[in-house]
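This report concerns only the one structure given below.
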Amino acid sequence: MLKSILGALIAAAVASPLLAHGTSLLPIETVKMREGHRDAAIARRAEFMKRMKGGLAVITSADRTQHNLYESYTDDMENKDFVFLTGIYDSLPPGHVLVLNPGGGTYKEVLYTDMSPYEAARLSGIKYVFPRAKFLEHMSSALTDYRNLRITQLRFKEVASDLSRGWGDGEKLLYVNYPHIDNLNEAPAPRLAFMDRIRATTSEVVFKDAGDIIDAQRMVLDPFARANMERSIAITRMGLMEGMKFAKPGLSTLQVMQTVDYVYRFHGATLGFATGVALASNMNEELKWESAAAEEAARKGDAVIKPGMLVHFDTGAAMNHYSSDVQRTVPVDGKFTPEQRRIYQGVLDVQKAVIAAVKPGVTWAQLQKLAEDELREKGGWDKSYTYGIGHFIGMETHEHGDYVGPLKPGMIIAIEQGAVVNGTRVAFEDDVLVTATGHEWLTRSIPIEIDEVEALLRQPSM
C-alpha cells in the first residue's frame with residue numbers, strides 16, 4: 001500500500017504545473033534546457049550499473065573541499081558526478097547520497113536526501129527515497145553477509161537486506177566518488193568520513209573509484225549533454241562576438257570581460273570558468289604562471305587597452321553545467337597590421353591543420369605532435385607553445401577522461417594552441433565534435449578568418 005501511495009504522489013508531482021520546473025527562480029531558457037535530464041539520468045544510472053563489476057556504488061553530493069588549483073576549477077566541480085547521475089541541481093550538498101545496487105532485487109537505486117522526497121523522486125526518476133539519516137543505518141545492516149541475515153531482518157529491514165544481497169558474501173566492492181583533484185596538503189573531504197567507519201568495522205570492503213566508470217561515460221556525450229553543449233556554444237558565440245566588437249583603445253580588459261559575461265547571463269547561462277581578456281602585444285616569450293592564484297589574478301586584471309594592440313579572449317558560457325571553451329585574438333583598431341596579419345595567419349593555419357586531423361582513432365599525442373611540427377616549421381614558433389593541444393569538454397571545461405587512448409565518436413574536445421612571436425601573441429581554441437567518420441567544428445561560426453574578424457569589428461557594439 002505504501003509503495004502504491006508513493007507512486008501516486010510522484011505521478012501527481014510530475015503532472016503538477018506548479019512543480020513543472022522545480023522551485024528555484026531560474027531563467028526560463030535554463031529551466032527549459034534542463035528538461036530531459038531525468039530521462040538522461042535514468043539511462044546513465046542503468047549504464048553505470050552495467051559497467052560495475054559487482055558490489056555497490058555510493059555517489060555523494062559534494063561540496064568544494066580544496067582551494068583553487070586550476071583556472072577551470074569551479075565551486076560545484078565535485079558535485080557534478082552526482083548531478084550527472086540524478087538530475088538534481090538545486091539542493092546544496094552534502095544533502096544527498098545515491099546508492100546503486102545492480103545485484104539487488106527491488107532496491108537497485110536508492111536515494112537518501114534532506115530535500116522533499118517527492119521532488120527528489122520527480123527530478124531523478126528514483127522510486128525509493130529515504131531521509132539522509134537512514135543512509136548509515138541501512139549500510140550498517142548491509143555489511144552483514146546475506147547468508148547470515150535472520151528472517152526477522154529480512155522481514156523488517158528489507159532495504160538493508162537487499163543491499164546486502166547485492167553486495168554478496170565475502171569480499172565486497174564499493175565504488176565511491178572520490179575528489180577529482182588530489183591535494184595531499186589538505187584535509188580529506190568530510191563527506192568521505194563514512195569510509196573510515198566502514199574500514200573500522202570490516203576488512204571485507206574493497207573501495208574502488210567510481211570515476212573510472214563515470215569519467216568514461218562523461219567523455220562521450222549523450223543527447224541531453226549535446227543539447228546543452230550546443231546551447232552553451234551558441235551563447236558563447238554571442239558573448240564573445242560582442243566582446244570582440246567592444247574591445248577598443250581606452251577601455252580596460254576588465255570592462256571588456258564584464259561585457260562578455262553580461263551577455264552570457266542575459267541568455268540564462270553561467271560561466272564555465274573565469275573569462276580571460278588580456279593584452280596580447282608587447283609580451284614576454286613565455287606564458288607561465290607560478291600558481292593557480294597567479295593565473296586567476298591575471299584573468300581578473302584591469303589593463304588599459306592602447307591603440308595598435310591585440311586583445312586575447314579565453315572564455316566559455318555554461319548551460320546546466322555543460323561548458324564551451326573558445327579563444328580568439330583581435331586587433332583593437334579594427335584591422336590587423338601586416339606583421340600581426342603574418343603571425344595571425346600562420347597560427348591559424350596550424351589550428352586548422354590540427355582540427356582537420358581530428359577523427360576516431362587519432363590520439364592526443366598525435367595531435368600534439370602535429371601542432372608542434374607545424375609551429376616549428378613556421379620558424380621555431382613551437383618554443384613559445386607552452387601548453388597542451390587540448391582537452392575533453394563537457395560538464396567540466398577541462399573534462400576528465402582518457403588522454404592516452406584514441407578519440408571516439410561522440411566526444412567533444414577543445415583544440416587549443418598558439419604562439420608568441422616577437423612579443424605578439426596569437427592563440428585560438430575551438431570546440432570540435434568527433435563524428436563517426438571525422439569531425440564537426442562546432443565553434444566555426446565564431447569569426448576566425450582575418451576577413452571575418454575585420455568585418456565583425458566594423459559592426460557597432462551594443
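Naming works like this for the C-alpha cells: A, B, ... for the chains as they're shown, residue 1 at the start of each chain, ligands 1 onward in shown order.
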- prompt: Near Ala120 in chain A, counting only C-alpha atoms, which residues have an atom at most 9 Å away, once you skip same-chain residues fewer than 5 positions from it, shown as a count of residues only?
  reply: 8
field: CA of Ala234 in chain A to CA of Asp431 in chain A, distance in Å rounded to a single decimal
entry: 11.6 Å
- prompt: When DSSP works through the backbone of this structure, what residues of range 177-292 of chain A end up as strand (DSSP E), shown as JSON, numbers by chain?
  reply: {"A": [205, 206, 207, 208, 209, 270, 271, 276, 277, 278, 279]}
query: How many Å lie between CA of Ser161 in chain A and CA of Asn148 in chain A, rounded to one decimal?
result: 10.4 Å
